[in-house]
file run-v3.cif (mmCIF, C-alpha atoms and all ligand atoms)
data_entry
loop_
_atom_site.group_PDB
_atom_site.id
_atom_site.type_symbol
_atom_site.label_atom_id
_atom_site.label_comp_id
_atom_site.auth_asym_id
_atom_site.auth_seq_id
_atom_site.Cartn_x
_atom_site.Cartn_y
_atom_site.Cartn_z
ATOM 1 C CA MET Y 1 236.885 20.385 178.952
ATOM 2 C CA LYS Y 2 238.908 22.557 181.317
ATOM 3 C CA TRP Y 3 242.293 21.339 182.421
ATOM 4 C CA THR Y 4 242.680 20.517 186.128
ATOM 5 C CA THR Y 5 245.665 21.765 188.129
ATOM 6 C CA ARG Y 6 246.795 18.131 188.414
ATOM 7 C CA GLU Y 7 246.832 17.805 184.633
ATOM 8 C CA ILE Y 8 248.741 21.055 184.250
ATOM 9 C CA LYS Y 9 251.254 19.877 186.838
ATOM 10 C CA TYR Y 10 251.618 16.622 184.912
ATOM 11 C CA LEU Y 11 252.197 18.559 181.701
ATOM 12 C CA GLU Y 12 254.866 20.683 183.401
ATOM 13 C CA ASP Y 13 256.649 17.593 184.719
ATOM 14 C CA HIS Y 14 256.363 15.537 181.532
ATOM 15 C CA ALA Y 15 256.489 18.113 178.721
ATOM 16 C CA ASP Y 16 259.688 16.605 177.404
ATOM 17 C CA ASP Y 17 258.029 13.221 176.999
ATOM 18 C CA GLY Y 18 256.479 14.870 173.934
ATOM 19 C CA ALA Y 19 252.922 15.901 173.058
ATOM 20 C CA GLU Y 20 251.763 12.420 172.098
ATOM 21 C CA ALA Y 21 252.920 10.745 175.302
ATOM 22 C CA VAL Y 22 251.358 13.448 177.496
ATOM 23 C CA ALA Y 23 248.124 13.317 175.494
ATOM 24 C CA SER Y 24 247.831 9.561 175.889
ATOM 25 C CA ALA Y 25 248.726 9.692 179.609
ATOM 26 C CA LEU Y 26 246.048 12.292 180.294
ATOM 27 C CA GLY Y 27 243.456 11.069 177.820
ATOM 28 C CA ARG Y 28 243.613 14.416 176.032
ATOM 29 C CA SER Y 29 244.030 15.209 172.363
ATOM 30 C CA VAL Y 30 247.490 16.100 171.064
ATOM 31 C CA GLN Y 31 246.052 19.397 169.890
ATOM 32 C CA SER Y 32 244.795 20.191 173.397
ATOM 33 C CA VAL Y 33 248.171 19.316 174.934
ATOM 34 C CA LYS Y 34 249.948 21.564 172.427
ATOM 35 C CA ALA Y 35 247.574 24.435 173.168
ATOM 36 C CA GLN Y 36 248.116 24.121 176.938
ATOM 37 C CA ALA Y 37 251.882 23.850 176.536
ATOM 38 C CA LYS Y 38 251.868 27.017 174.468
ATOM 39 C CA ARG Y 39 249.715 28.763 177.050
ATOM 40 C CA TYR Y 40 252.137 27.914 179.862
ATOM 41 C CA GLY Y 41 255.254 28.486 177.781
ATOM 42 C CA LEU Y 42 256.312 24.821 178.016
ATOM 43 C CA SER Y 43 258.429 23.137 175.360
ATOM 44 C CA LEU Y 44 257.131 19.773 174.165
ATOM 45 C CA ARG Y 45 260.423 19.010 172.534
ATOM 46 C CA ARG Y 46 261.339 15.394 173.180
ATOM 47 C CA ALA Y 47 264.199 14.753 175.577
ATOM 48 C CA TRP Y 48 265.543 11.564 177.106
ATOM 49 C CA GLN Y 49 267.501 10.949 180.262
ATOM 50 C CA CYS Y 50 270.541 8.755 179.819
ATOM 51 C CA PRO Y 51 270.665 6.101 182.577
ATOM 52 C CA LYS Y 52 274.476 5.998 182.331
ATOM 53 C CA CYS Y 53 275.522 9.651 182.663
ATOM 54 C CA GLY Y 54 272.217 11.073 183.851
ATOM 55 C CA MET Y 55 272.220 13.814 181.216
ATOM 56 C CA ARG Y 56 269.048 14.926 179.467
ATOM 57 C CA VAL Y 57 269.589 14.670 175.740
ATOM 58 C CA GLN Y 58 267.576 15.697 172.682
ATOM 59 C CA THR Y 59 268.484 12.673 170.595
ATOM 60 C CA PRO Y 60 266.910 9.268 171.212
ATOM 61 C CA LEU Y 61 268.851 6.815 173.369
ATOM 62 C CA SER Y 62 270.638 4.013 171.554
ATOM 63 C CA SER Y 63 268.484 0.940 171.045
ATOM 64 C CA LYS Y 64 271.570 -1.231 171.597
ATOM 65 C CA THR Y 65 272.950 0.229 174.821
ATOM 66 C CA GLY Y 66 269.960 2.231 176.083
ATOM 67 C CA TRP Y 67 272.437 5.093 176.596
ATOM 68 C CA CYS Y 68 272.965 8.537 175.035
ATOM 69 C CA VAL Y 69 275.087 9.003 171.908
ATOM 70 C CA SER Y 70 278.174 10.076 173.887
ATOM 71 C CA CYS Y 71 278.017 7.176 176.343
ATOM 72 C CA THR Y 72 277.455 4.754 173.453
ATOM 73 C CA ARG Y 73 280.503 6.170 171.613
ATOM 74 C CA GLU Y 74 282.606 5.936 174.769
ATOM 75 C CA LEU Y 75 281.701 2.279 175.100
ATOM 76 C CA ARG Y 76 282.594 1.732 171.427
ATOM 77 C CA ASN Y 77 285.942 3.493 171.992
ATOM 78 C CA GLU Y 78 286.694 1.212 174.936
ATOM 79 C CA ARG Y 79 286.006 -1.817 172.762
ATOM 80 C CA ILE Y 80 288.256 -0.512 169.972
ATOM 81 C CA ALA Y 81 291.002 0.205 172.525
ATOM 82 C CA GLU Y 82 290.667 -3.378 173.750
ATOM 83 C CA GLU Y 83 291.011 -4.670 170.162
ATOM 84 C CA VAL Y 84 294.115 -2.506 169.673
ATOM 85 C CA ARG Y 85 295.682 -3.924 172.872
ATOM 86 C CA GLU Y 86 295.010 -7.460 171.665
ATOM 87 C CA LEU Y 87 296.486 -6.782 168.223
ATOM 88 C CA GLN Y 88 299.589 -5.181 169.744
ATOM 89 C CA GLU Y 89 300.041 -8.176 172.040
ATOM 90 C CA GLU Y 90 299.804 -10.458 168.989
ATOM 91 C CA VAL Y 91 302.406 -8.396 167.117
ATOM 92 C CA ARG Y 92 304.790 -8.473 170.121
ATOM 93 C CA ARG Y 93 304.403 -12.227 170.389
ATOM 94 C CA GLU Y 94 305.106 -12.726 166.702
ATOM 95 C CA GLU Y 95 308.203 -10.512 166.955
ATOM 96 C CA ARG Y 96 309.418 -12.585 169.918
ATOM 97 C CA VAL Y 97 308.934 -15.826 167.984
ATOM 98 C CA ASN Y 98 310.714 -14.447 164.901
ATOM 99 C CA ARG Y 99 313.685 -13.206 166.941
ATOM 100 C CA GLU Y 100 314.007 -16.623 168.551
ATOM 101 C CA ARG Y 101 313.877 -18.356 165.156
ATOM 102 C CA GLN Y 102 316.539 -15.985 163.809
ATOM 103 C CA ARG Y 103 318.729 -16.692 166.846
ATOM 104 C CA LEU Y 104 318.378 -20.437 166.355
ATOM 105 C CA TYR Y 105 319.207 -20.268 162.644
ATOM 106 C CA SER Y 106 322.349 -18.246 163.389
ATOM 107 C CA ALA Y 107 323.403 -20.720 166.058
ATOM 108 C CA LYS Y 108 322.876 -23.581 163.630
ATOM 109 C CA HIS Y 109 324.891 -21.794 160.935
ATOM 110 C CA ARG Y 110 327.762 -21.078 163.331
ATOM 111 C CA ALA Y 111 327.792 -24.670 164.537
ATOM 112 C CA ARG Y 112 327.988 -26.003 160.968
ATOM 113 C CA LYS Y 113 330.833 -23.612 160.181
ATOM 114 C CA LYS Y 114 332.810 -24.858 163.153
ATOM 115 C CA LEU Y 115 332.273 -28.449 162.098
ATOM 116 C CA LYS Y 116 333.631 -27.742 158.589
ATOM 117 C CA LYS Y 117 336.767 -26.008 159.971
ATOM 118 C CA SER Y 118 337.750 -28.883 162.178
HETATM 119 ZN ZN ZN X 201 275.009 9.222 178.655
#

call {"tool": "encode", "arguments": {"input": "run-v3.cif", "output": "structure tokens", "more": "lines below"}}
Ligand SMILES: [Zn+2]
result
Amino acid sequence: MKWTTREIKYLEDHADDGAEAVASALGRSVQSVKAQAKRYGLSLRRAWQCPKCGMRVQTPLSSKTGWCVSCTRELRNERIAEEVRELQEEVRREERVNRERQRLYSAKHRARKKLKKS
């Protein structure tokens, strides 16, 4: 069956959905879609558009974030940075507590010494 101009237009617009998706959308065989794509010099290589950065990428979007690899890694980096900030805050707090304890022990020691002298 001959391809209509509407079908060819669809193929042009959706080639990067992949041969199978175009075939099922048009009710054509995968083989037929591949033949037409070849005829019109269209690549059926799968590509996805990332909803976060808007880039078209050749690797599937993350199933967790729905974003491209780079956006997903950026999000992961932000989370790690947040963990680092929390850990550093914990360390600073512990240092503060230790310094205070040290100060109190010294004060206690000095006070005892004074008592013995008198
Ligand atoms: Zn992205």

call {"tool": "residues_around", "arguments": {"input": "run-v3.cif", "residues": "Y:Glu74", "least_positions_apart": "5", "cutoff": "12 Å", "atoms": "all atoms listed in the file", "output": "PDB file with C-alpha atoms, keeping the file's coordinate frame"}}
result
ATOM      1  CA  LYS Y  52     274.476   5.998 182.331  1.00  0.00           C
ATOM      2  CA  CYS Y  53     275.522   9.651 182.663  1.00  0.00           C
ATOM      3  CA  THR Y  65     272.950   0.229 174.821  1.00  0.00           C
ATOM      4  CA  TRP Y  67     272.437   5.093 176.596  1.00  0.00           C
ATOM      5  CA  CYS Y  68     272.965   8.537 175.035  1.00  0.00           C
ATOM      6  CA  VAL Y  69     275.087   9.003 171.908  1.00  0.00           C
ATOM      7  CA  ARG Y  79     286.006  -1.817 172.762  1.00  0.00           C
ATOM      8  CA  ILE Y  80     288.256  -0.512 169.972  1.00  0.00           C
ATOM      9  CA  ALA Y  81     291.002   0.205 172.525  1.00  0.00           C
TER      10      ALA Y  81
END

call {"tool": "resolve_selection", "arguments": {"input": "run-v3.cif", "expression": "the PyMOL selection byres (((chain Y and resi 60) around 9) and not hetatm)", "output": "number ranges by chain"}}
result
Y: 46-48, 57-59, 61-63, 67-69

call {"tool": "resolve_selection", "arguments": {"input": "run-v3.cif", "expression": "the PyMOL selection byres (((chain Y and resi 24-36) around 10) and not hetatm)", "output": "list in words"}}
result
Met1, Trp3, Glu7, Ile8, Tyr10, Leu11, Glu12, His14, Ala15, Gly18, Ala19, Glu20, Ala21, Val22, Ala23, Ala37, Lys38, Arg39, Tyr40, Gly41, Leu42, Ser43 and Leu44 of chain Y

call {"tool": "write_last_selection", "arguments": {"input": "run-v3.cif", "atoms": "C-alpha atoms", "output": "compact mmCIF listing (two decimals), in the coordinates of the input"}}
result
# COMPACT_ATOMS: atom_id res chain seq x y z
CA MET Y 1 236.88 20.39 178.95
CA TRP Y 3 242.29 21.34 182.42
CA GLU Y 7 246.83 17.80 184.63
CA ILE Y 8 248.74 21.06 184.25
CA TYR Y 10 251.62 16.62 184.91
CA LEU Y 11 252.20 18.56 181.70
CA GLU Y 12 254.87 20.68 183.40
CA HIS Y 14 256.36 15.54 181.53
CA ALA Y 15 256.49 18.11 178.72
CA GLY Y 18 256.48 14.87 173.93
CA ALA Y 19 252.92 15.90 173.06
CA GLU Y 20 251.76 12.42 172.10
CA ALA Y 21 252.92 10.74 175.30
CA VAL Y 22 251.36 13.45 177.50
CA ALA Y 23 248.12 13.32 175.49
CA ALA Y 37 251.88 23.85 176.54
CA LYS Y 38 251.87 27.02 174.47
CA ARG Y 39 249.72 28.76 177.05
CA TYR Y 40 252.14 27.91 179.86
CA GLY Y 41 255.25 28.49 177.78
CA LEU Y 42 256.31 24.82 178.02
CA SER Y 43 258.43 23.14 175.36
CA LEU Y 44 257.13 19.77 174.16

call {"tool": "closest_residue", "arguments": {"input": "run-v3.cif", "among": "Y:Arg101, Y:Lys64, Y:Lys117, Y:Arg56", "to": "ligand ZN 201 (chain X)", "atoms": "all atoms listed in the file"}}
result
Y:Arg56

call {"tool": "atom_distance", "arguments": {"input": "run-v3.cif", "atom1": "atom CA of Y:Asp17", "atom2": "atom CA of Y:Thr72"}}
result
21.5 Å

call {"tool": "atom_distance", "arguments": {"input": "run-v3.cif", "atom1": "atom CA of Y:Ser118", "atom2": "atom CA of Y:Ser106"}}
result
18.8 Å

call {"tool": "atom_distance", "arguments": {"input": "run-v3.cif", "atom1": "atom CA of Y:Arg73", "atom2": "atom CA of Y:Gly54"}}
result
15.6 Å

call {"tool": "closest_residue", "arguments": {"input": "run-v3.cif", "among": "Y:Leu115, Y:Tyr105, Y:Val91, Y:Cys50", "to": "ligand ZN 201 (chain X)", "atoms": "only C-alpha atoms and all ligand atoms"}}
result
Y:Cys50

call {"tool": "decode", "arguments": {"input": "run-v3.cif", "residues": "stretch 40-65 of chain Y", "atoms": "N, CA and C atoms", "output": "compact mmCIF listing (two decimals), in the first residue's frame"}}
result
# COMPACT_ATOMS: atom_id res chain seq x y z
N TYR Y 40 13.69 8.32 2.45
CA TYR Y 40 13.69 9.77 2.67
C TYR Y 40 14.92 10.23 3.47
N GLY Y 41 15.84 9.33 3.68
CA GLY Y 41 17.07 9.68 4.39
C GLY Y 41 16.83 10.06 5.84
N LEU Y 42 15.83 9.44 6.47
CA LEU Y 42 15.51 9.76 7.88
C LEU Y 42 16.12 8.72 8.82
N SER Y 43 16.67 9.20 9.92
CA SER Y 43 17.23 8.28 10.92
C SER Y 43 16.14 7.86 11.89
N LEU Y 44 16.05 6.55 12.11
CA LEU Y 44 15.05 6.03 13.06
C LEU Y 44 15.67 5.79 14.43
N ARG Y 45 16.87 6.35 14.58
CA ARG Y 45 17.54 6.17 15.86
C ARG Y 45 16.72 6.81 16.96
N ARG Y 46 16.52 6.06 18.02
CA ARG Y 46 15.71 6.53 19.15
C ARG Y 46 16.34 7.76 19.80
N ALA Y 47 15.51 8.74 20.12
CA ALA Y 47 15.97 9.89 20.89
C ALA Y 47 14.83 10.28 21.83
N TRP Y 48 15.21 10.88 22.94
CA TRP Y 48 14.22 11.29 23.93
C TRP Y 48 14.45 12.75 24.27
N GLN Y 49 13.38 13.45 24.57
CA GLN Y 49 13.53 14.84 24.99
C GLN Y 49 13.42 14.91 26.51
N CYS Y 50 14.44 15.48 27.12
CA CYS Y 50 14.44 15.61 28.58
C CYS Y 50 13.50 16.74 28.98
N PRO Y 51 12.53 16.48 29.86
CA PRO Y 51 11.59 17.53 30.27
C PRO Y 51 12.25 18.60 31.15
N LYS Y 52 13.43 18.26 31.72
CA LYS Y 52 14.10 19.23 32.60
C LYS Y 52 14.92 20.25 31.81
N CYS Y 53 15.83 19.75 30.95
CA CYS Y 53 16.72 20.68 30.24
C CYS Y 53 16.28 20.91 28.79
N GLY Y 54 15.34 20.09 28.34
CA GLY Y 54 14.83 20.27 26.99
C GLY Y 54 15.70 19.70 25.88
N MET Y 55 16.83 19.09 26.28
CA MET Y 55 17.74 18.53 25.28
C MET Y 55 17.21 17.21 24.72
N ARG Y 56 17.54 16.96 23.44
CA ARG Y 56 17.23 15.65 22.87
C ARG Y 56 18.44 14.77 23.10
N VAL Y 57 18.20 13.61 23.69
CA VAL Y 57 19.30 12.72 24.05
C VAL Y 57 19.08 11.34 23.45
N GLN Y 58 20.19 10.62 23.26
CA GLN Y 58 20.14 9.30 22.61
C GLN Y 58 20.11 8.16 23.61
N THR Y 59 20.14 8.51 24.89
CA THR Y 59 20.02 7.46 25.91
C THR Y 59 18.67 7.63 26.61
N PRO Y 60 18.05 6.51 26.98
CA PRO Y 60 16.73 6.59 27.60
C PRO Y 60 16.72 7.48 28.84
N LEU Y 61 15.60 8.12 29.10
CA LEU Y 61 15.47 8.96 30.29
C LEU Y 61 15.44 8.07 31.53
N SER Y 62 15.89 8.59 32.63
CA SER Y 62 15.91 7.83 33.88
C SER Y 62 14.49 7.45 34.30
N SER Y 63 14.33 6.20 34.73
CA SER Y 63 13.00 5.77 35.17
C SER Y 63 12.66 6.39 36.52
N LYS Y 64 13.70 6.81 37.27
CA LYS Y 64 13.45 7.40 38.59
C LYS Y 64 13.05 8.87 38.48
N THR Y 65 13.82 9.64 37.70
CA THR Y 65 13.56 11.08 37.65
C THR Y 65 12.76 11.48 36.41
